[in-house]
Amino acid sequence: MSALAAVWQEGKQMKKNVIVNVILDVGMVLVDFCWQDVLKDMGLSGEAFEAVANATVRTQEWNEYDRSVISDEKILDAFQKKAPEYASQIEDFWNRIGDMIVQYPYAKQWMKALKEAGYQVYILSNYSRRTYEHTRSDGLSFLPLADGAVFSFETGYVKPEKEIYHVLMDKYHLKPEECVFIDDNDDNLVYPKQIGWGTIPFRTFAQVQNALQEEYGVKYQTVV
């Protein structure tokens, strides 16, 4: 291949991979999941703290809660059966789900900056129907800024199941090579990378902004 042809081919590839769509997870990317703070606010510590945590947020049933296929009553019952001696505390914790979601100060400003620079912004999140109903007007108040969103409770699938990524692409007619996805869970980035999405593991807000601009050429007014 001649030098001119190589330059042309490189330019063609760069053009092909121009990012158009920035896809964001919610938990630990746009909002904090402050379950520990809620347990502490309930006055729980030591053995009680660990028992309630191990019966709820640290279980496989919590993933099923995000799927929202099993009824809330059955999910709560499953939690309580794991630590029956703390059944009342588990129910209190359950009833404070809205207090666990706290929006990061940068969330709206970040989304606005991306959109002002011409990018489409989408949400892809494991999120239960019940939590959504308790937090959509406060913790999720950035949603009107998004060009679209797919939540696990709407689909019956949870990340990293392959289907949920295709739901987003099919719903909004997204091309994989034009997408970059940001998630705090590395497991959730494996399949999208395989199908051609750009991926960035969320570690810090500064790290993600740098990766967007330096690795993927997503140029916008940096949020501080």
# chains A, B, ... in the order shown; residues from 1 in each chain; ligands from 1

$ residues_around --residues "A:Leu30" --least-positions-apart "5" --cutoff "7 Å" --atoms "only C-alpha atoms" --output "ChimeraX atom specification"
/A:103-104,107

$ write_last_selection --atoms "N, CA, C and O atoms" --output "tab-separated table (two decimals), in the first residue's frame"
chain	number	residue	atom	x	y	z
A	103	GLN	N	-28.09	12.42	43.37
A	103	GLN	CA	-27.49	12.87	42.11
A	103	GLN	C	-26.17	13.59	42.34
A	103	GLN	O	-26.05	14.43	43.24
A	104	TYR	N	-25.16	13.25	41.52
A	104	TYR	CA	-23.88	13.95	41.61
A	104	TYR	C	-24.04	15.39	41.12
A	104	TYR	O	-24.80	15.65	40.17
A	107	ALA	N	-23.84	16.07	37.25
A	107	ALA	CA	-24.61	15.26	36.31
A	107	ALA	C	-25.28	16.09	35.21
A	107	ALA	O	-25.08	15.85	34.01

$ residues_around --residues "stretch 156-161 of chain A" --least-positions-apart "3" --cutoff "6 Å" --atoms "only C-alpha atoms" --output "ChimeraX atom specification"
/A:67,126,152-153,164,188

$ write_last_selection --atoms "N, CA, C and O atoms" --output "mmCIF file, in the first residue's frame"
data_model
loop_
_atom_site.group_PDB
_atom_site.id
_atom_site.type_symbol
_atom_site.label_atom_id
_atom_site.label_comp_id
_atom_site.auth_asym_id
_atom_site.auth_seq_id
_atom_site.Cartn_x
_atom_site.Cartn_y
_atom_site.Cartn_z
ATOM 1 N N ARG A 67 -34.340 -6.129 37.716
ATOM 2 C CA ARG A 67 -35.021 -6.694 36.553
ATOM 3 C C ARG A 67 -36.525 -6.399 36.605
ATOM 4 O O ARG A 67 -37.193 -6.257 35.577
ATOM 5 N N ASN A 126 -29.182 -0.513 34.939
ATOM 6 C CA ASN A 126 -29.915 -1.478 35.760
ATOM 7 C C ASN A 126 -30.627 -0.686 36.850
ATOM 8 O O ASN A 126 -29.979 -0.105 37.725
ATOM 9 N N SER A 152 -33.456 -1.343 32.977
ATOM 10 C CA SER A 152 -33.668 -2.786 33.041
ATOM 11 C C SER A 152 -35.121 -3.138 33.334
ATOM 12 O O SER A 152 -35.647 -4.120 32.795
ATOM 13 N N PHE A 153 -35.783 -2.357 34.174
ATOM 14 C CA PHE A 153 -37.154 -2.701 34.530
ATOM 15 C C PHE A 153 -38.100 -2.632 33.333
ATOM 16 O O PHE A 153 -39.157 -3.265 33.339
ATOM 17 N N ILE A 164 -29.986 -6.396 26.488
ATOM 18 C CA ILE A 164 -30.322 -5.020 26.876
ATOM 19 C C ILE A 164 -29.568 -3.989 26.032
ATOM 20 O O ILE A 164 -30.093 -2.916 25.732
ATOM 21 N N ASN A 188 -19.925 -4.993 32.717
ATOM 22 C CA ASN A 188 -20.938 -4.435 31.830
ATOM 23 C C ASN A 188 -20.353 -3.841 30.551
ATOM 24 O O ASN A 188 -21.099 -3.453 29.647
#

$ closest_residue --among "A:Ile90, A:Val121, A:Cys34, A:Val26" --to "A:Ala53" --atoms "only C-alpha atoms"
A:Ile90

$ select_by_dssp --residues "stretch 53-166 of chain A" --states "helix (DSSP H, G or I)" --output "PyMOL selection string"
chain A and resi 53-55+60-67+72-82+84-94+97-100+107-116+129-135+143-145+152-155+162-166

$ closest_residue --among "A:Phe151, A:Gln36, A:Glu73, A:Leu140" --to "A:Glu50" --atoms "only C-alpha atoms"
A:Gln36

$ closest_residue --among "A:Glu85, A:Asp147, A:Asp25, A:Asp32" --to "A:Glu47" --atoms "only C-alpha atoms"
A:Glu85

$ atom_distance --atom1 "atom CA of A:Ala78" --atom2 "atom CA of A:Trp62"
9.9 Å

$ atom_distance --atom1 "atom CA of A:Val20" --atom2 "atom CA of A:Tyr216"
10.3 Å

$ atom_distance --atom1 "atom CA of A:Trp35" --atom2 "atom CA of A:Glu154"
23.2 Å

$ closest_residue --among "A:Asp41, A:Glu177, A:Asp66, A:Asp99" --to "A:Ser125" --atoms "only C-alpha atoms"
A:Asp66

$ residues_around --residues "A:Ala211" --least-positions-apart "5" --cutoff "10 Å" --atoms "only C-alpha atoms" --output "PDB file with N, CA, C and O atoms, in the first residue's frame"
ATOM      1  N   THR A 199     -15.671   1.912  24.966  1.00  0.00           N
ATOM      2  CA  THR A 199     -16.019   1.721  26.376  1.00  0.00           C
ATOM      3  C   THR A 199     -15.036   2.442  27.275  1.00  0.00           C
ATOM      4  O   THR A 199     -13.838   2.486  26.990  1.00  0.00           O
ATOM      5  N   ILE A 200     -15.570   2.978  28.363  1.00  0.00           N
ATOM      6  CA  ILE A 200     -14.737   3.638  29.369  1.00  0.00           C
ATOM      7  C   ILE A 200     -15.204   3.186  30.748  1.00  0.00           C
ATOM      8  O   ILE A 200     -16.361   3.419  31.119  1.00  0.00           O
ATOM      9  N   PRO A 201     -14.334   2.547  31.534  1.00  0.00           N
ATOM     10  CA  PRO A 201     -14.704   2.216  32.912  1.00  0.00           C
ATOM     11  C   PRO A 201     -14.674   3.478  33.767  1.00  0.00           C
ATOM     12  O   PRO A 201     -13.691   4.233  33.725  1.00  0.00           O
ATOM     13  N   PHE A 202     -15.729   3.720  34.505  1.00  0.00           N
ATOM     14  CA  PHE A 202     -15.784   4.920  35.342  1.00  0.00           C
ATOM     15  C   PHE A 202     -15.026   4.678  36.637  1.00  0.00           C
ATOM     16  O   PHE A 202     -15.350   3.784  37.412  1.00  0.00           O
ATOM     17  N   PHE A 205     -14.595  11.123  37.846  1.00  0.00           N
ATOM     18  CA  PHE A 205     -15.170  11.988  36.829  1.00  0.00           C
ATOM     19  C   PHE A 205     -14.077  12.598  35.959  1.00  0.00           C
ATOM     20  O   PHE A 205     -14.203  12.664  34.725  1.00  0.00           O
ATOM     21  N   ALA A 206     -12.975  13.018  36.566  1.00  0.00           N
ATOM     22  CA  ALA A 206     -11.876  13.612  35.807  1.00  0.00           C
ATOM     23  C   ALA A 206     -11.285  12.601  34.833  1.00  0.00           C
ATOM     24  O   ALA A 206     -10.984  12.927  33.678  1.00  0.00           O
ATOM     25  N   TYR A 216     -11.313   9.110  22.580  1.00  0.00           N
ATOM     26  CA  TYR A 216     -12.431   8.991  21.637  1.00  0.00           C
ATOM     27  C   TYR A 216     -12.750  10.286  20.891  1.00  0.00           C
ATOM     28  O   TYR A 216     -13.686  10.311  20.093  1.00  0.00           O
ATOM     29  N   GLY A 217     -11.977  11.321  21.137  1.00  0.00           N
ATOM     30  CA  GLY A 217     -12.172  12.557  20.400  1.00  0.00           C
ATOM     31  C   GLY A 217     -13.492  13.240  20.649  1.00  0.00           C
ATOM     32  O   GLY A 217     -13.983  13.995  19.811  1.00  0.00           O
ATOM     33  N   VAL A 218     -14.071  12.996  21.800  1.00  0.00           N
ATOM     34  CA  VAL A 218     -15.336  13.645  22.176  1.00  0.00           C
ATOM     35  C   VAL A 218     -14.983  15.010  22.789  1.00  0.00           C
ATOM     36  O   VAL A 218     -14.586  15.099  23.945  1.00  0.00           O
TER      37      VAL A 218
END

$ residues_around --residues "A:Ile75" --least-positions-apart "4" --cutoff "9 Å" --atoms "only C-alpha atoms" --output "ChimeraX atom specification"
/A:61-62,64-65,70-71,79-80

$ select_by_dssp --residues "stretch 30-202 of chain A" --states "strand (DSSP E or B)" --output "list of chain:residue names"
A:Val31, A:Asp32, A:Phe33, A:Ile101, A:Val102, A:Gln103, A:Gln120, A:Val121, A:Tyr122, A:Ile123, A:Leu124, A:Ser125, A:Gly148, A:Ala149, A:Val150, A:Phe151, A:Cys179, A:Val180, A:Phe181, A:Ile182, A:Asp183, A:Gly198, A:Thr199, A:Ile200, A:Pro201

$ write_last_selection --atoms "N, CA and C atoms" --output "PDB file, in the first residue's frame"
ATOM      1  N   VAL A  31     -25.310   9.200  39.584  1.00  0.00           N
ATOM      2  CA  VAL A  31     -25.829   9.294  40.956  1.00  0.00           C
ATOM      3  C   VAL A  31     -25.003   8.413  41.875  1.00  0.00           C
ATOM      4  N   ASP A  32     -25.012   8.770  43.139  1.00  0.00           N
ATOM      5  CA  ASP A  32     -24.392   7.938  44.167  1.00  0.00           C
ATOM      6  C   ASP A  32     -25.456   6.991  44.715  1.00  0.00           C
ATOM      7  N   PHE A  33     -25.068   5.774  45.012  1.00  0.00           N
ATOM      8  CA  PHE A  33     -25.956   4.795  45.622  1.00  0.00           C
ATOM      9  C   PHE A  33     -25.575   4.704  47.086  1.00  0.00           C
ATOM     10  N   ILE A 101     -30.535   7.217  46.575  1.00  0.00           N
ATOM     11  CA  ILE A 101     -30.103   7.744  45.279  1.00  0.00           C
ATOM     12  C   ILE A 101     -29.881   9.242  45.382  1.00  0.00           C
ATOM     13  N   VAL A 102     -28.628   9.663  45.250  1.00  0.00           N
ATOM     14  CA  VAL A 102     -28.272  11.083  45.364  1.00  0.00           C
ATOM     15  C   VAL A 102     -27.517  11.489  44.102  1.00  0.00           C
ATOM     16  N   GLN A 103     -28.085  12.423  43.375  1.00  0.00           N
ATOM     17  CA  GLN A 103     -27.492  12.866  42.105  1.00  0.00           C
ATOM     18  C   GLN A 103     -26.169  13.592  42.343  1.00  0.00           C
ATOM     19  N   GLN A 120     -25.276  13.131  21.057  1.00  0.00           N
ATOM     20  CA  GLN A 120     -26.493  12.544  21.593  1.00  0.00           C
ATOM     21  C   GLN A 120     -26.129  11.841  22.898  1.00  0.00           C
ATOM     22  N   VAL A 121     -26.971  11.984  23.906  1.00  0.00           N
ATOM     23  CA  VAL A 121     -26.703  11.398  25.215  1.00  0.00           C
ATOM     24  C   VAL A 121     -27.831  10.421  25.562  1.00  0.00           C
ATOM     25  N   TYR A 122     -27.435   9.185  25.872  1.00  0.00           N
ATOM     26  CA  TYR A 122     -28.404   8.146  26.200  1.00  0.00           C
ATOM     27  C   TYR A 122     -28.090   7.538  27.568  1.00  0.00           C
ATOM     28  N   ILE A 123     -29.121   6.995  28.190  1.00  0.00           N
ATOM     29  CA  ILE A 123     -28.995   6.330  29.486  1.00  0.00           C
ATOM     30  C   ILE A 123     -29.223   4.842  29.305  1.00  0.00           C
ATOM     31  N   LEU A 124     -28.347   4.013  29.921  1.00  0.00           N
ATOM     32  CA  LEU A 124     -28.526   2.563  29.930  1.00  0.00           C
ATOM     33  C   LEU A 124     -28.198   2.075  31.337  1.00  0.00           C
ATOM     34  N   SER A 125     -29.225   1.645  32.061  1.00  0.00           N
ATOM     35  CA  SER A 125     -29.008   1.402  33.489  1.00  0.00           C
ATOM     36  C   SER A 125     -29.804   0.218  34.011  1.00  0.00           C
ATOM     37  N   GLY A 148     -32.555   9.717  25.037  1.00  0.00           N
ATOM     38  CA  GLY A 148     -33.263   8.462  25.186  1.00  0.00           C
ATOM     39  C   GLY A 148     -32.720   7.695  26.369  1.00  0.00           C
ATOM     40  N   ALA A 149     -33.475   6.707  26.820  1.00  0.00           N
ATOM     41  CA  ALA A 149     -33.054   5.924  27.985  1.00  0.00           C
ATOM     42  C   ALA A 149     -33.659   4.531  27.912  1.00  0.00           C
ATOM     43  N   VAL A 150     -32.894   3.570  28.388  1.00  0.00           N
ATOM     44  CA  VAL A 150     -33.384   2.205  28.567  1.00  0.00           C
ATOM     45  C   VAL A 150     -32.999   1.768  29.971  1.00  0.00           C
ATOM     46  N   PHE A 151     -34.014   1.385  30.746  1.00  0.00           N
ATOM     47  CA  PHE A 151     -33.801   0.873  32.092  1.00  0.00           C
ATOM     48  C   PHE A 151     -34.144  -0.616  32.118  1.00  0.00           C
ATOM     49  N   CYS A 179     -20.838   4.782  19.060  1.00  0.00           N
ATOM     50  CA  CYS A 179     -21.205   4.820  20.477  1.00  0.00           C
ATOM     51  C   CYS A 179     -19.990   4.668  21.390  1.00  0.00           C
ATOM     52  N   VAL A 180     -20.024   5.386  22.493  1.00  0.00           N
ATOM     53  CA  VAL A 180     -19.089   5.136  23.580  1.00  0.00           C
ATOM     54  C   VAL A 180     -19.918   5.018  24.852  1.00  0.00           C
ATOM     55  N   PHE A 181     -19.600   3.993  25.651  1.00  0.00           N
ATOM     56  CA  PHE A 181     -20.390   3.650  26.831  1.00  0.00           C
ATOM     57  C   PHE A 181     -19.543   3.778  28.084  1.00  0.00           C
ATOM     58  N   ILE A 182     -20.119   4.413  29.100  1.00  0.00           N
ATOM     59  CA  ILE A 182     -19.420   4.635  30.369  1.00  0.00           C
ATOM     60  C   ILE A 182     -20.187   3.932  31.479  1.00  0.00           C
ATOM     61  N   ASP A 183     -19.491   3.046  32.203  1.00  0.00           N
ATOM     62  CA  ASP A 183     -20.119   2.267  33.279  1.00  0.00           C
ATOM     63  C   ASP A 183     -19.067   2.009  34.348  1.00  0.00           C
ATOM     64  N   GLY A 198     -17.271   1.887  21.787  1.00  0.00           N
ATOM     65  CA  GLY A 198     -16.182   2.328  22.629  1.00  0.00           C
ATOM     66  C   GLY A 198     -16.612   2.167  24.073  1.00  0.00           C
ATOM     67  N   THR A 199     -15.671   1.912  24.966  1.00  0.00           N
ATOM     68  CA  THR A 199     -16.019   1.721  26.376  1.00  0.00           C
ATOM     69  C   THR A 199     -15.036   2.442  27.275  1.00  0.00           C
ATOM     70  N   ILE A 200     -15.570   2.978  28.363  1.00  0.00           N
ATOM     71  CA  ILE A 200     -14.737   3.638  29.369  1.00  0.00           C
ATOM     72  C   ILE A 200     -15.204   3.186  30.748  1.00  0.00           C
ATOM     73  N   PRO A 201     -14.334   2.547  31.534  1.00  0.00           N
ATOM     74  CA  PRO A 201     -14.704   2.216  32.912  1.00  0.00           C
ATOM     75  C   PRO A 201     -14.674   3.478  33.767  1.00  0.00           C
TER      76      PRO A 201
END

$ closest_residue --among "A:Val223, A:Ile19, A:Arg58, A:Asp92" --to "A:Leu44" --atoms "only C-alpha atoms"
A:Asp92

$ closest_residue --among "A:Ala51, A:Met100, A:Val69, A:Val57" --to "A:Asp37" --atoms "only C-alpha atoms"
A:Met100

$ residues_around --residues "stretch 111-116 of chain A" --least-positions-apart "6" --cutoff "7 Å" --atoms "only C-alpha atoms" --output "MDAnalysis selection string"
chainID A and resid 145 220:221

$ write_last_selection --atoms "all heavy atoms" --output "PDB file, in the first residue's frame"
ATOM      1  N   LEU A 145     -32.899  15.726  29.933  1.00  0.00           N
ATOM      2  CA  LEU A 145     -31.768  16.140  29.112  1.00  0.00           C
ATOM      3  C   LEU A 145     -31.304  15.039  28.168  1.00  0.00           C
ATOM      4  O   LEU A 145     -30.602  15.323  27.184  1.00  0.00           O
ATOM      5  CB  LEU A 145     -30.588  16.557  30.006  1.00  0.00           C
ATOM      6  CG  LEU A 145     -30.803  17.794  30.886  1.00  0.00           C
ATOM      7  CD1 LEU A 145     -29.653  17.933  31.871  1.00  0.00           C
ATOM      8  CD2 LEU A 145     -30.933  19.045  30.025  1.00  0.00           C
ATOM      9  N   TYR A 220     -15.750  18.687  24.071  1.00  0.00           N
ATOM     10  CA  TYR A 220     -16.794  19.539  24.652  1.00  0.00           C
ATOM     11  C   TYR A 220     -16.158  20.369  25.755  1.00  0.00           C
ATOM     12  O   TYR A 220     -15.001  20.138  26.137  1.00  0.00           O
ATOM     13  CB  TYR A 220     -17.949  18.687  25.203  1.00  0.00           C
ATOM     14  CG  TYR A 220     -17.561  17.773  26.343  1.00  0.00           C
ATOM     15  CD1 TYR A 220     -17.776  18.138  27.671  1.00  0.00           C
ATOM     16  CD2 TYR A 220     -16.969  16.533  26.102  1.00  0.00           C
ATOM     17  CE1 TYR A 220     -17.420  17.307  28.716  1.00  0.00           C
ATOM     18  CE2 TYR A 220     -16.615  15.690  27.135  1.00  0.00           C
ATOM     19  CZ  TYR A 220     -16.845  16.087  28.445  1.00  0.00           C
ATOM     20  OH  TYR A 220     -16.481  15.256  29.490  1.00  0.00           O
ATOM     21  N   GLN A 221     -16.919  21.313  26.271  1.00  0.00           N
ATOM     22  CA  GLN A 221     -16.410  22.169  27.351  1.00  0.00           C
ATOM     23  C   GLN A 221     -16.316  21.341  28.634  1.00  0.00           C
ATOM     24  O   GLN A 221     -17.317  20.931  29.205  1.00  0.00           O
ATOM     25  CB  GLN A 221     -17.344  23.361  27.583  1.00  0.00           C
ATOM     26  CG  GLN A 221     -16.851  24.357  28.645  1.00  0.00           C
ATOM     27  CD  GLN A 221     -15.518  24.991  28.263  1.00  0.00           C
ATOM     28  OE1 GLN A 221     -15.357  25.497  27.144  1.00  0.00           O
ATOM     29  NE2 GLN A 221     -14.567  24.985  29.190  1.00  0.00           N
TER      30      GLN A 221
END

$ decode --residues "stretch 90-102 of chain A" --atoms "all heavy atoms" --output "short mmCIF file (atom, residue, chain, number, x, y, z; two decimals), in the first residue's frame"
data_model
loop_
_atom_site.label_atom_id
_atom_site.label_comp_id
_atom_site.auth_asym_id
_atom_site.auth_seq_id
_atom_site.Cartn_x
_atom_site.Cartn_y
_atom_site.Cartn_z
N ILE A 90 -35.06 -4.61 57.76
CA ILE A 90 -35.01 -4.78 56.30
C ILE A 90 -36.18 -4.07 55.64
O ILE A 90 -36.02 -3.41 54.60
CB ILE A 90 -35.00 -6.29 55.95
CG1 ILE A 90 -33.65 -6.90 56.34
CG2 ILE A 90 -35.28 -6.50 54.46
CD1 ILE A 90 -33.60 -8.41 56.25
N GLU A 91 -37.35 -4.14 56.24
CA GLU A 91 -38.50 -3.44 55.68
C GLU A 91 -38.32 -1.92 55.75
O GLU A 91 -38.65 -1.20 54.80
CB GLU A 91 -39.78 -3.84 56.39
CG GLU A 91 -41.03 -3.21 55.78
CD GLU A 91 -42.32 -3.78 56.31
OE1 GLU A 91 -42.27 -4.66 57.21
OE2 GLU A 91 -43.39 -3.36 55.82
N ASP A 92 -37.77 -1.44 56.85
CA ASP A 92 -37.49 0.00 56.97
C ASP A 92 -36.50 0.45 55.89
O ASP A 92 -36.67 1.50 55.27
CB ASP A 92 -36.94 0.32 58.36
CG ASP A 92 -37.98 0.19 59.46
OD1 ASP A 92 -39.18 0.15 59.13
OD2 ASP A 92 -37.59 0.10 60.64
N PHE A 93 -35.47 -0.35 55.71
CA PHE A 93 -34.45 -0.07 54.68
C PHE A 93 -35.10 -0.04 53.30
O PHE A 93 -34.87 0.85 52.48
CB PHE A 93 -33.37 -1.14 54.77
CG PHE A 93 -32.22 -0.97 53.82
CD1 PHE A 93 -31.43 0.15 53.84
CD2 PHE A 93 -31.92 -1.98 52.90
CE1 PHE A 93 -30.35 0.30 52.98
CE2 PHE A 93 -30.86 -1.85 52.03
CZ PHE A 93 -30.07 -0.70 52.07
N TRP A 94 -35.91 -1.02 53.03
CA TRP A 94 -36.66 -1.15 51.77
C TRP A 94 -37.51 0.10 51.51
O TRP A 94 -37.60 0.58 50.38
CB TRP A 94 -37.52 -2.39 51.87
CG TRP A 94 -38.51 -2.67 50.80
CD1 TRP A 94 -39.86 -2.46 50.87
CD2 TRP A 94 -38.27 -3.27 49.53
NE1 TRP A 94 -40.46 -2.88 49.72
CE2 TRP A 94 -39.51 -3.39 48.87
CE3 TRP A 94 -37.12 -3.72 48.87
CZ2 TRP A 94 -39.65 -3.93 47.60
CZ3 TRP A 94 -37.26 -4.26 47.60
CH2 TRP A 94 -38.50 -4.36 46.98
N ASN A 95 -38.11 0.61 52.56
CA ASN A 95 -39.00 1.77 52.41
C ASN A 95 -38.25 3.09 52.26
O ASN A 95 -38.87 4.12 51.99
CB ASN A 95 -39.96 1.85 53.60
CG ASN A 95 -41.01 0.76 53.57
OD1 ASN A 95 -41.39 0.28 52.50
ND2 ASN A 95 -41.47 0.34 54.74
N ARG A 96 -36.94 3.03 52.40
CA ARG A 96 -36.14 4.25 52.24
C ARG A 96 -35.31 4.22 50.96
O ARG A 96 -34.31 4.92 50.85
CB ARG A 96 -35.24 4.45 53.47
CG ARG A 96 -36.04 4.80 54.73
CD ARG A 96 -35.14 5.25 55.86
NE ARG A 96 -34.33 6.39 55.50
CZ ARG A 96 -33.45 6.98 56.32
NH1 ARG A 96 -33.29 6.52 57.54
NH2 ARG A 96 -32.75 8.01 55.93
N ILE A 97 -35.74 3.46 49.99
CA ILE A 97 -34.99 3.32 48.74
C ILE A 97 -34.74 4.67 48.08
O ILE A 97 -33.67 4.90 47.50
CB ILE A 97 -35.71 2.36 47.77
CG1 ILE A 97 -34.82 2.04 46.56
CG2 ILE A 97 -37.06 2.91 47.33
CD1 ILE A 97 -33.61 1.23 46.87
N GLY A 98 -35.70 5.58 48.18
CA GLY A 98 -35.52 6.89 47.56
C GLY A 98 -34.38 7.69 48.16
O GLY A 98 -33.76 8.52 47.46
N ASP A 99 -34.08 7.45 49.43
CA ASP A 99 -32.99 8.18 50.10
C ASP A 99 -31.62 7.70 49.67
O ASP A 99 -30.61 8.35 49.95
CB ASP A 99 -33.11 8.03 51.62
CG ASP A 99 -34.38 8.64 52.17
OD1 ASP A 99 -34.92 9.55 51.52
OD2 ASP A 99 -34.83 8.20 53.25
N MET A 100 -31.57 6.53 49.00
CA MET A 100 -30.27 5.95 48.64
C MET A 100 -29.71 6.53 47.34
O MET A 100 -28.53 6.33 47.05
CB MET A 100 -30.42 4.43 48.48
CG MET A 100 -30.90 3.73 49.72
SD MET A 100 -31.06 1.94 49.46
CE MET A 100 -32.25 1.52 50.72
N ILE A 101 -30.53 7.22 46.57
CA ILE A 101 -30.10 7.74 45.28
C ILE A 101 -29.88 9.24 45.38
O ILE A 101 -30.82 10.01 45.59
CB ILE A 101 -31.14 7.44 44.18
CG1 ILE A 101 -31.45 5.94 44.12
CG2 ILE A 101 -30.68 7.97 42.84
CD1 ILE A 101 -30.26 5.07 43.79
N VAL A 102 -28.63 9.66 45.25
CA VAL A 102 -28.27 11.08 45.36
C VAL A 102 -27.52 11.49 44.10
O VAL A 102 -26.44 10.96 43.79
CB VAL A 102 -27.40 11.36 46.61
CG1 VAL A 102 -27.01 12.83 46.67
CG2 VAL A 102 -28.15 10.93 47.88
#
